[in-house]
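**Student:** So here's final21.csv, just CSV, C-alpha atoms:
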chain,number,residue,atom,x,y,z
S,19,MET,CA,88.8,141.8,127.5
S,20,SER,CA,85.8,141.1,129.6
S,21,GLN,CA,85.5,137.8,127.9
S,22,ILE,CA,88.9,136.9,129.3
S,23,ARG,CA,88.0,138.1,132.8
S,24,LEU,CA,84.9,135.9,132.6
S,25,TRP,CA,87.0,132.9,131.6
S,26,CYS,CA,89.4,133.5,134.4
S,27,ARG,CA,86.6,133.8,136.9
S,28,ASN,CA,84.9,130.6,135.6
S,29,PHE,CA,88.3,128.8,135.8
S,30,LEU,CA,88.8,129.9,139.4
S,31,VAL,CA,85.3,128.9,140.4
S,32,LEU,CA,85.6,125.5,138.7
S,33,SER,CA,89.1,124.8,140.1
S,34,SER,CA,88.1,125.7,143.6
S,35,LEU,CA,85.1,123.4,143.3
S,36,MET,CA,87.4,120.6,142.2
S,37,PHE,CA,89.5,121.1,145.3
S,38,ALA,CA,86.3,121.1,147.4
S,39,MET,CA,85.5,117.6,146.0
S,40,ALA,CA,88.9,116.3,146.6
S,41,THR,CA,88.7,117.1,150.3
S,42,THR,CA,85.4,115.5,151.0
S,43,ALA,CA,86.8,112.3,152.4
S,44,GLN,CA,84.4,109.6,153.7
S,45,VAL,CA,83.9,110.0,157.4
S,46,ASP,CA,83.8,106.7,159.1
S,47,VAL,CA,83.8,106.6,162.8
S,48,PHE,CA,86.7,104.3,163.8
S,49,ASP,CA,88.2,104.3,167.2
S,50,PHE,CA,91.8,103.6,167.3
S,51,GLU,CA,93.9,102.7,170.3
S,52,THR,CA,96.9,104.7,169.3
S,53,ALA,CA,97.6,107.7,167.0
S,54,GLU,CA,100.1,105.5,165.1
S,55,GLN,CA,97.3,103.0,164.2
S,56,GLU,CA,95.2,105.9,162.9
S,57,GLU,CA,98.1,107.2,160.8
S,58,ARG,CA,98.6,103.7,159.4
S,59,PHE,CA,94.9,103.4,158.6
S,60,ARG,CA,95.0,106.8,156.8
S,61,GLN,CA,98.1,105.7,154.8
S,62,LEU,CA,96.7,102.4,153.8
S,63,ALA,CA,93.3,103.7,152.8
S,64,ASN,CA,95.0,106.3,150.7
S,65,ASP,CA,97.3,103.8,149.0
S,66,PHE,CA,94.6,101.3,147.9
S,67,ARG,CA,92.4,102.0,144.9
S,68,CYS,CA,88.7,101.5,145.1
S,69,PRO,CA,87.9,98.5,142.8
S,70,MET,CA,84.5,99.8,142.0
S,71,CYS,CA,85.1,103.5,141.4
S,72,GLN,CA,88.5,103.0,139.8
S,73,ASN,CA,89.8,106.5,140.0
S,74,ALA,CA,89.4,107.1,143.7
S,75,ASN,CA,91.3,105.6,146.6
S,76,LEU,CA,89.6,104.0,149.4
S,77,THR,CA,89.6,107.2,151.5
S,78,HIS,CA,87.8,109.2,148.9
S,79,SER,CA,85.4,106.6,147.4
S,80,THR,CA,81.8,106.5,148.3
S,81,GLY,CA,81.4,103.0,146.9
S,82,GLY,CA,79.9,100.3,149.1
S,83,VAL,CA,82.9,98.0,148.7
S,84,ALA,CA,85.2,100.8,149.6
S,85,ALA,CA,83.5,101.2,152.9
S,86,ASP,CA,83.7,97.5,153.5
S,87,LEU,CA,87.4,97.5,152.7
S,88,ARG,CA,88.0,100.4,155.0
S,89,ARG,CA,86.4,98.5,157.8
S,90,GLU,CA,88.4,95.5,156.9
S,91,ILE,CA,91.7,97.5,157.1
S,92,TYR,CA,90.5,98.9,160.4
S,93,ASN,CA,89.8,95.5,161.8
S,94,GLN,CA,93.1,94.1,160.6
S,95,ILE,CA,95.1,96.9,162.1
S,96,LEU,CA,93.4,96.3,165.5
S,97,GLU,CA,94.1,92.6,165.1
S,98,GLY,CA,97.8,93.6,164.9
S,99,ARG,CA,98.5,92.8,161.3
S,100,THR,CA,101.4,94.5,159.6
S,101,ASP,CA,101.0,96.8,156.6
S,102,GLU,CA,102.6,94.1,154.4
S,103,GLU,CA,100.1,91.5,155.6
S,104,ILE,CA,97.2,93.8,154.8
S,105,GLU,CA,98.6,94.6,151.4
S,106,GLN,CA,99.0,90.9,150.8
S,107,PHE,CA,95.4,90.3,151.8
S,108,MET,CA,94.2,92.9,149.3
S,109,LEU,CA,96.4,91.6,146.5
S,110,GLN,CA,95.2,88.1,146.9
S,111,ARG,CA,91.6,89.2,146.5
S,112,TYR,CA,91.7,92.1,144.1
S,113,GLY,CA,95.0,91.7,142.3
S,114,ASP,CA,97.5,94.4,141.3
S,115,PHE,CA,94.7,96.7,140.4
S,116,ILE,CA,94.1,97.6,144.1
S,117,LEU,CA,97.6,99.2,144.4
S,118,TYR,CA,98.0,102.7,143.3
S,119,ARG,CA,101.8,102.2,143.3
S,120,PRO,CA,102.2,99.1,141.1
S,121,ARG,CA,104.7,96.5,142.1
S,122,LEU,CA,107.8,95.9,140.0
S,123,THR,CA,107.2,92.7,138.0
S,124,VAL,CA,107.9,91.5,134.5
S,125,LYS,CA,104.4,92.7,133.5
S,126,THR,CA,104.9,96.2,134.9
S,127,ILE,CA,108.5,96.9,133.7
S,128,LEU,CA,107.2,98.9,130.8
S,129,LEU,CA,105.0,100.9,133.1
S,130,TRP,CA,107.8,101.7,135.4
S,131,PHE,CA,110.6,102.4,132.9
S,132,GLY,CA,108.6,103.2,129.7
S,133,PRO,CA,108.7,107.0,130.4
S,134,ALA,CA,112.5,107.0,131.0
S,135,LEU,CA,113.0,104.9,127.9
S,136,PHE,CA,111.0,107.3,125.8
S,137,LEU,CA,112.9,110.2,127.3
S,138,ILE,CA,116.2,108.6,126.4
S,139,ILE,CA,115.0,107.9,122.8
S,140,GLY,CA,113.8,111.5,122.6
S,141,LEU,CA,117.1,112.9,123.9
S,142,TRP,CA,119.1,110.6,121.5
S,143,VAL,CA,117.1,111.8,118.5
S,144,ALA,CA,117.2,115.4,119.6
S,145,PHE,CA,120.9,115.2,120.2
S,146,GLY,CA,121.4,113.7,116.8
S,147,ILE,CA,119.5,116.4,115.1
S,148,ILE,CA,121.3,119.2,116.9
S,149,LYS,CA,124.7,117.6,116.3
S,150,ARG,CA,124.0,117.3,112.6
S,151,SER,CA,122.7,120.8,112.1
S,152,ALA,CA,125.5,122.3,114.2
S,153,SER,CA,128.4,120.8,112.3
S,154,PRO,CA,129.4,123.2,109.5
S,155,ASN,CA,131.1,120.6,107.3
S,156,ARG,CA,128.8,117.8,106.7
S,157,ASN,CA,130.2,114.6,105.4
S,158,ASN,CA,129.1,113.8,101.9
S,159,ASP,CA,129.7,110.2,102.1
S,160,GLU,CA,126.9,109.7,104.6
S,161,SER,CA,124.3,111.3,102.5
S,162,GLY,CA,122.7,109.6,99.5
S,163,SER,CA,121.1,112.6,97.7
S,164,GLU,CA,123.8,115.1,96.8
S,165,ALA,CA,121.6,117.6,95.0
S,166,THR,CA,119.9,118.8,98.2
S,167,ARG,CA,122.8,121.1,99.2
S,168,PRO,CA,123.9,124.3,97.4
S,169,GLU,CA,127.5,123.3,97.2
S,170,ASP,CA,126.6,120.1,95.6
S,171,LEU,CA,124.9,121.7,92.5
S,172,THR,CA,126.4,120.8,89.2
S,173,ALA,CA,127.6,123.5,87.0
S,174,ASP,CA,124.5,123.3,84.8
S,175,GLU,CA,122.2,123.5,87.8
S,176,GLN,CA,124.0,126.4,89.2
S,177,ALA,CA,123.7,128.3,85.9
S,178,ARG,CA,120.0,127.5,85.8
S,179,LEU,CA,119.5,128.7,89.4
S,180,ASP,CA,121.3,132.0,88.7
S,181,ARG,CA,119.2,132.5,85.6
S,182,LEU,CA,116.0,131.9,87.5
S,183,LEU,CA,117.0,134.2,90.4
S,184,SER,CA,118.0,137.1,88.1
S,185,ASP,CA,114.8,136.7,86.0
S,186,ARG,CA,112.7,137.0,89.1
S,187,LEU,CA,114.6,139.9,90.5
S,188,ALA,CA,114.3,141.7,87.2
S,189,SER,CA,110.5,141.1,86.7
S,190,ASP,CA,109.3,141.9,90.3
S,191,PRO,CA,111.8,144.0,92.2
S,192,SER,CA,109.3,144.8,95.0
S,193,THR,CA,109.4,141.3,96.4
S,194,GLY,CA,113.1,141.0,95.9
S,195,ASP,CA,114.3,139.0,98.8
S,196,ASP,CA,111.3,139.6,101.1
S,197,SER,CA,108.7,136.9,101.3
S,198,PRO,CA,105.1,137.9,100.9
S,199,ASP,CA,104.5,137.5,104.6
S,200,ASP,CA,107.2,140.0,105.5
S,201,SER,CA,106.0,142.7,103.0
S,202,ARG,CA,102.6,142.7,104.7
S,203,ARG,CA,104.0,144.0,108.0
C,3,MET,CA,120.3,102.0,105.9
C,4,LYS,CA,119.2,105.5,105.1
C,5,ASN,CA,116.0,104.2,103.7
C,6,LEU,CA,115.3,102.2,106.8
C,7,LYS,CA,115.7,105.3,108.9
C,8,LEU,CA,113.0,107.0,106.9
C,9,TYR,CA,110.5,104.4,108.0
C,10,ILE,CA,111.0,104.9,111.7
C,11,PRO,CA,108.0,107.3,112.1
C,12,VAL,CA,105.9,104.8,110.2
C,13,PHE,CA,106.9,102.0,112.5
C,14,ALA,CA,106.4,104.2,115.6
C,15,PHE,CA,103.0,105.1,114.3
C,16,LEU,CA,102.1,101.4,113.7
C,17,ILE,CA,103.2,100.4,117.2
C,18,LEU,CA,101.3,103.3,118.8
C,19,ALA,CA,98.2,102.4,116.6
C,20,VAL,CA,98.2,98.8,117.7
C,21,PHE,CA,98.3,99.8,121.4
C,22,MET,CA,95.6,102.4,121.0
C,23,TRP,CA,93.4,100.1,118.9
C,24,ARG,CA,93.6,97.5,121.6
C,25,GLY,CA,92.9,100.2,124.2
C,26,LEU,CA,89.7,101.1,122.4
C,27,TYR,CA,88.3,97.6,123.0
C,28,MET,CA,89.7,97.2,126.5
C,29,ASP,CA,87.1,97.3,129.3
C,30,SER,CA,88.8,98.9,132.3
C,31,ARG,CA,85.7,98.4,134.4
C,32,THR,CA,86.2,94.6,134.6
C,33,LEU,CA,89.2,93.6,136.6
C,34,PRO,CA,90.8,90.2,136.0
C,35,SER,CA,90.0,87.9,138.9
C,36,THR,CA,92.9,86.7,141.0
C,37,LEU,CA,90.9,83.7,142.1
C,38,ILE,CA,90.7,81.8,138.8
C,39,ASP,CA,92.0,78.2,139.4
C,40,ARG,CA,92.0,78.8,143.1
C,41,GLU,CA,89.6,77.1,145.6
C,42,LEU,CA,86.4,78.9,146.5
C,43,PRO,CA,87.2,80.8,149.8
C,44,GLU,CA,85.9,79.1,152.9
C,45,PHE,CA,82.7,80.4,154.4
C,46,GLU,CA,80.3,79.6,157.2
C,47,LEU,CA,77.2,81.6,156.7
C,48,ARG,CA,73.4,81.5,157.1
C,49,THR,CA,71.1,80.8,154.2
C,50,LEU,CA,68.1,82.7,153.2
C,51,SER,CA,65.7,79.7,153.8
C,52,GLU,CA,67.0,77.8,156.7
C,53,GLY,CA,66.9,80.3,159.6
C,54,ASP,CA,70.1,80.5,161.7
C,55,GLN,CA,71.6,77.2,160.5
C,56,LEU,CA,75.1,77.8,159.1
C,57,VAL,CA,76.3,76.3,155.8
C,58,SER,CA,79.9,75.9,154.6
C,59,ASN,CA,81.8,74.8,151.5
C,60,ALA,CA,80.8,71.2,152.3
C,61,ASP,CA,77.2,72.0,151.6
C,62,LEU,CA,77.9,73.2,148.0
C,63,PRO,CA,76.9,71.0,145.1
C,64,ASP,CA,79.4,68.3,144.3
C,65,GLU,CA,79.1,68.9,140.6
C,66,PRO,CA,80.0,72.0,138.6
C,67,PHE,CA,77.8,75.0,139.6
C,68,ILE,CA,77.4,78.7,139.1
C,69,LEU,CA,77.8,81.1,142.0
C,70,ASN,CA,75.9,84.3,141.5
C,71,ILE,CA,76.4,87.4,143.6
C,72,TRP,CA,73.1,89.2,143.7
C,73,GLY,CA,71.0,91.6,145.7
C,74,SER,CA,67.4,92.8,145.6
C,75,TYR,CA,68.7,96.4,145.1
C,76,CYS,CA,70.6,95.3,142.0
C,77,LEU,CA,68.8,96.0,138.7
C,78,PRO,CA,71.0,94.0,136.4
C,79,CYS,CA,70.3,91.0,138.7
C,80,LEU,CA,66.6,91.4,137.7
C,81,GLN,CA,67.7,91.1,134.0
C,82,GLU,CA,69.7,87.9,134.7
C,83,ASN,CA,66.8,86.3,136.6
C,84,PRO,CA,64.8,84.9,133.6
C,85,ILE,CA,67.9,83.4,132.2
C,86,PHE,CA,68.7,81.7,135.4
C,87,MET,CA,65.1,80.6,135.8
C,88,SER,CA,65.0,78.9,132.5
C,89,ALA,CA,68.4,77.2,133.3
C,90,ARG,CA,66.8,75.9,136.5
C,91,GLU,CA,63.7,74.7,134.7
C,92,GLN,CA,65.8,72.9,132.1
C,93,GLY,CA,68.1,71.5,134.8
C,94,LEU,CA,71.2,72.8,133.0
C,95,VAL,CA,73.3,73.6,136.0
C,96,PRO,CA,72.8,74.3,139.7
C,97,ILE,CA,73.0,78.0,140.6
C,98,VAL,CA,74.0,79.0,144.1
C,99,GLY,CA,73.2,82.5,145.1
C,100,VAL,CA,75.2,84.8,147.4
C,101,ASN,CA,72.8,87.4,148.7
C,102,TYR,CA,75.4,90.3,148.9
C,103,LYS,CA,74.9,93.2,151.3
C,104,ASP,CA,71.1,92.8,151.3
C,105,ARG,CA,68.4,92.5,153.8
C,106,ASP,CA,66.8,89.0,154.3
C,107,ASN,CA,63.2,90.2,154.0
C,108,LEU,CA,63.9,92.2,150.9
C,109,ALA,CA,65.7,89.3,149.3
C,110,ARG,CA,62.9,86.9,150.1
C,111,ASP,CA,60.3,89.3,148.7
C,112,TRP,CA,62.4,89.7,145.5
C,113,LEU,CA,62.6,85.9,145.1
C,114,ASP,CA,58.8,85.6,145.7
C,115,ILE,CA,58.1,88.2,143.0
C,116,ASN,CA,60.6,87.3,140.4
C,117,GLY,CA,61.1,83.6,140.9
C,118,ASN,CA,63.9,81.8,142.7
C,119,PRO,CA,66.4,80.2,140.4
C,120,PHE,CA,68.9,79.4,143.2
C,121,SER,CA,69.3,75.9,144.7
C,122,MET,CA,70.7,77.6,147.8
C,123,ASN,CA,71.2,81.2,148.9
C,124,ILE,CA,74.1,82.1,151.1
C,125,VAL,CA,73.6,85.3,153.1
C,126,ASP,CA,76.5,87.7,153.0
C,127,ASP,CA,74.9,90.7,154.6
C,128,THR,CA,78.1,92.3,155.8
C,129,GLY,CA,79.9,91.8,152.4
C,130,ARG,CA,82.8,90.1,154.2
C,131,TYR,CA,82.6,87.0,152.1
C,132,GLY,CA,82.4,89.2,149.1
C,133,ILE,CA,85.8,90.6,150.0
C,134,ASP,CA,87.2,87.1,150.1
C,135,LEU,CA,85.7,86.6,146.6
C,136,GLY,CA,87.2,89.8,145.3
C,137,VAL,CA,83.7,91.1,144.6
C,138,TYR,CA,83.2,94.8,144.1
C,139,GLY,CA,79.5,94.9,143.3
C,140,ALA,CA,76.6,92.8,142.2
C,141,PRO,CA,76.1,91.1,139.9
C,142,GLU,CA,79.2,89.0,139.6
C,143,THR,CA,79.2,85.3,138.6
C,144,PHE,CA,81.7,82.5,139.2
C,145,ILE,CA,81.7,79.1,137.6
C,146,VAL,CA,83.0,76.5,140.1
C,147,ASP,CA,84.0,73.0,139.2
C,148,ALA,CA,83.1,69.8,141.1
C,149,ASP,CA,86.2,70.1,143.3
C,150,GLY,CA,85.2,73.6,144.4
C,151,VAL,CA,87.8,75.3,142.3
C,152,ILE,CA,86.8,78.6,140.6
C,153,ARG,CA,87.2,78.3,136.9
C,154,TYR,CA,85.6,81.4,135.4
C,155,LYS,CA,84.4,84.8,136.5
C,156,HIS,CA,81.9,87.1,134.7
C,157,ILE,CA,81.6,90.6,136.0
C,158,GLY,CA,78.4,92.5,135.3
C,159,THR,CA,75.1,91.4,133.8
C,160,ILE,CA,74.8,88.0,132.1
C,161,ASN,CA,72.6,88.6,129.1
C,162,TYR,CA,71.4,85.9,126.9
C,163,GLN,CA,74.4,86.2,124.6
C,164,ALA,CA,76.9,86.0,127.4
C,165,TRP,CA,75.0,83.0,128.8
C,166,GLN,CA,75.2,81.2,125.4
C,167,ASP,CA,78.7,82.2,124.4
C,168,GLU,CA,80.6,82.5,127.6
C,169,ILE,CA,78.9,80.8,130.5
C,170,MET,CA,77.4,77.6,129.0
C,171,PRO,CA,80.5,76.5,127.1
C,172,VAL,CA,82.6,76.6,130.3
C,173,VAL,CA,79.8,74.9,132.2
C,174,ARG,CA,79.5,72.1,129.6
C,175,GLU,CA,83.2,71.6,129.5
C,176,LEU,CA,83.4,71.2,133.3
C,177,GLN,CA,80.4,69.0,133.3
C,178,SER,CA,81.8,66.6,130.7
C,179,ALA,CA,85.1,66.5,132.6
C,180,HIS,CA,83.2,65.8,135.8
C,181,ALA,CA,81.2,63.0,134.1
C,182,ALA,CA,84.4,61.5,132.8
C,183,GLN,CA,86.0,61.6,136.2
C,184,SER,CA,83.1,60.1,138.1
C,185,ALA,CA,82.8,57.4,135.4
C,186,ALA,CA,86.5,56.6,135.9
C,187,THR,CA,86.1,56.4,139.7
C,188,THR,CA,83.0,54.2,139.6
C,189,GLY,CA,84.8,52.0,137.0
C,190,GLN,CA,87.7,51.5,139.5
C,191,SER,CA,85.5,50.7,142.4
C,192,SER,CA,83.4,48.1,140.7
Write out the structure in this file as structure tokens.

**Tutor:**
Amino acid sequence: MSQIRLWCRNFLVLSSLMFAMATTAQVDVFDFETAEQEERFRQLANDFRCPMCQNANLTHSTGGVAADLRREIYNQILEGRTDEEIEQFMLQRYGDFILYRPRLTVKTILLWFGPALFLIIGLWVAFGIIKRSASPNRNNDESGSEATRPEDLTADEQARLDRLLSDRLASDPSTGDDSPDDSRR
Amino acid sequence: MKNLKLYIPVFAFLILAVFMWRGLYMDSRTLPSTLIDRELPEFELRTLSEGDQLVSNADLPDEPFILNIWGSYCLPCLQENPIFMSAREQGLVPIVGVNYKDRDNLARDWLDINGNPFSMNIVDDTGRYGIDLGVYGAPETFIVDADGVIRYKHIGTINYQAWQDEIMPVVRELQSAHAAQSAATTGQSS
């Protein structure tokens, strides 16, 4: 029990540390003319990925190039460039990688719609399985192997099955129709 | 039909296996450059040697050359240096340096100590030209053709194997194309 408490405590400590890391944004001193400019800067720096650190956006990256790119965004905002122009600027130099939200192109179609595609395939398969197991009268003509179902046993097979079952019941009545697992309980 | 259905998991496994196998050998650290087959971005910057005099694209070699992004703080650059030095001694190909986010005095000291393989050293102390080049850290190396068009980019250290197998084949190809081109133009003019 104390083991579990220890685990819980470790988990809490670790997860709070993780949040602590996530909130240490890089503090650059940029003076904006308007609050709207500052908001745009924050948005853009959050939406671009740092090309060096890969799993951080420009806001959270400590990499040297991230600081340069933040300053570049700042300068371009002050120069009056639009968000689209700044995005184009980044794309021309660093490619699609710089975007955390990939553009919809032929190359990225699988990325965008792959999950939905797999969901549909999964639902289709699941639906098929449920439908087949739910229908009480299965069609014989669809199945190739007939001997897999009890009602399809030939007379010989049925007789053999009966004989085997009765033999087993006679020799070992304690495990009659309980499986070994059940008898252990 | 029934039999074919049985093999669906096998096919699914194979497709997944191919993707994951490829994923094993994919290096997510090196980004494909968007600048391949585009002209080298324009610049007007100081050089390490010539004081405050500015140089621009016109001052670059008019033959295929290598553009190496380096800094005195960059350890892999130290590993590349002997390879570049021997290339300079053999006169294989001109190497232009871009001293990226460095300090002039440190860069000069570095060249004095380790040797200077560069025919010219462009100073990009702010890293602004590096942004135009899509650089995200030294060392990065471009191969530029005689017309100033970027033909190849290598990210990270160039070791001897990379030099032999990646860099030099591209350089030789560009050089022979350049030689053929200049032979054709001199033939026309005479």

**Student:** If I take CA of Glu105 in chain S and CA of His156 in chain C, how far is one from the other in Å, to one decimal?

**Tutor:** 24.8 Å

**Student:** Set the cut-off to 7 Å and count all atoms listed in the file: what are the residues of chain S that reach chain C? Output as a list of chain:residue names.

**Tutor:** S:Pro69, S:Met70, S:Val83, S:Asp86, S:Gln110, S:Arg111, S:Tyr112, S:Gly113

**Student:** Applying 6 Å and only C-alpha atoms, which residues near Val151 in chain C remain after dropping the ones on its own chain fewer than 3 positions away? List them as a list in words.

**Tutor:**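 In the requested form, the answer reads Asp39, Arg40, Glu41, Leu42, Val146 and Asp147 of chain C.
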
**Student:** Filtering to C-alpha atoms, could you give me those residues as a compact mmCIF listing (two decimals), keeping the file's coordinate frame?

**Tutor:**
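Ended up saving to again15.txt:
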# COMPACT_ATOMS: atom_id res chain seq x y z
CA ASP C 39 92.00 78.20 139.40
CA ARG C 40 92.00 78.80 143.10
CA GLU C 41 89.60 77.10 145.60
CA LEU C 42 86.40 78.90 146.50
CA VAL C 146 83.00 76.50 140.10
CA ASP C 147 84.00 73.00 139.20

**Student:** Report the distance between CA of Leu32 in chain S and CA of Thr80 in chain S in Å, rounded to one decimal place.

**Tutor:**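 So the two atoms, CA of Leu32 in chain S and CA of Thr80 in chain S, lie 21.6 Å apart.
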
**Student:** Could you tell me how far CA of Pro78 in chain C lies from CA of Gly99 in chain C, in Å and to one decimal?

**Tutor:**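 Here the two named atoms are 14.6 Å from each other.
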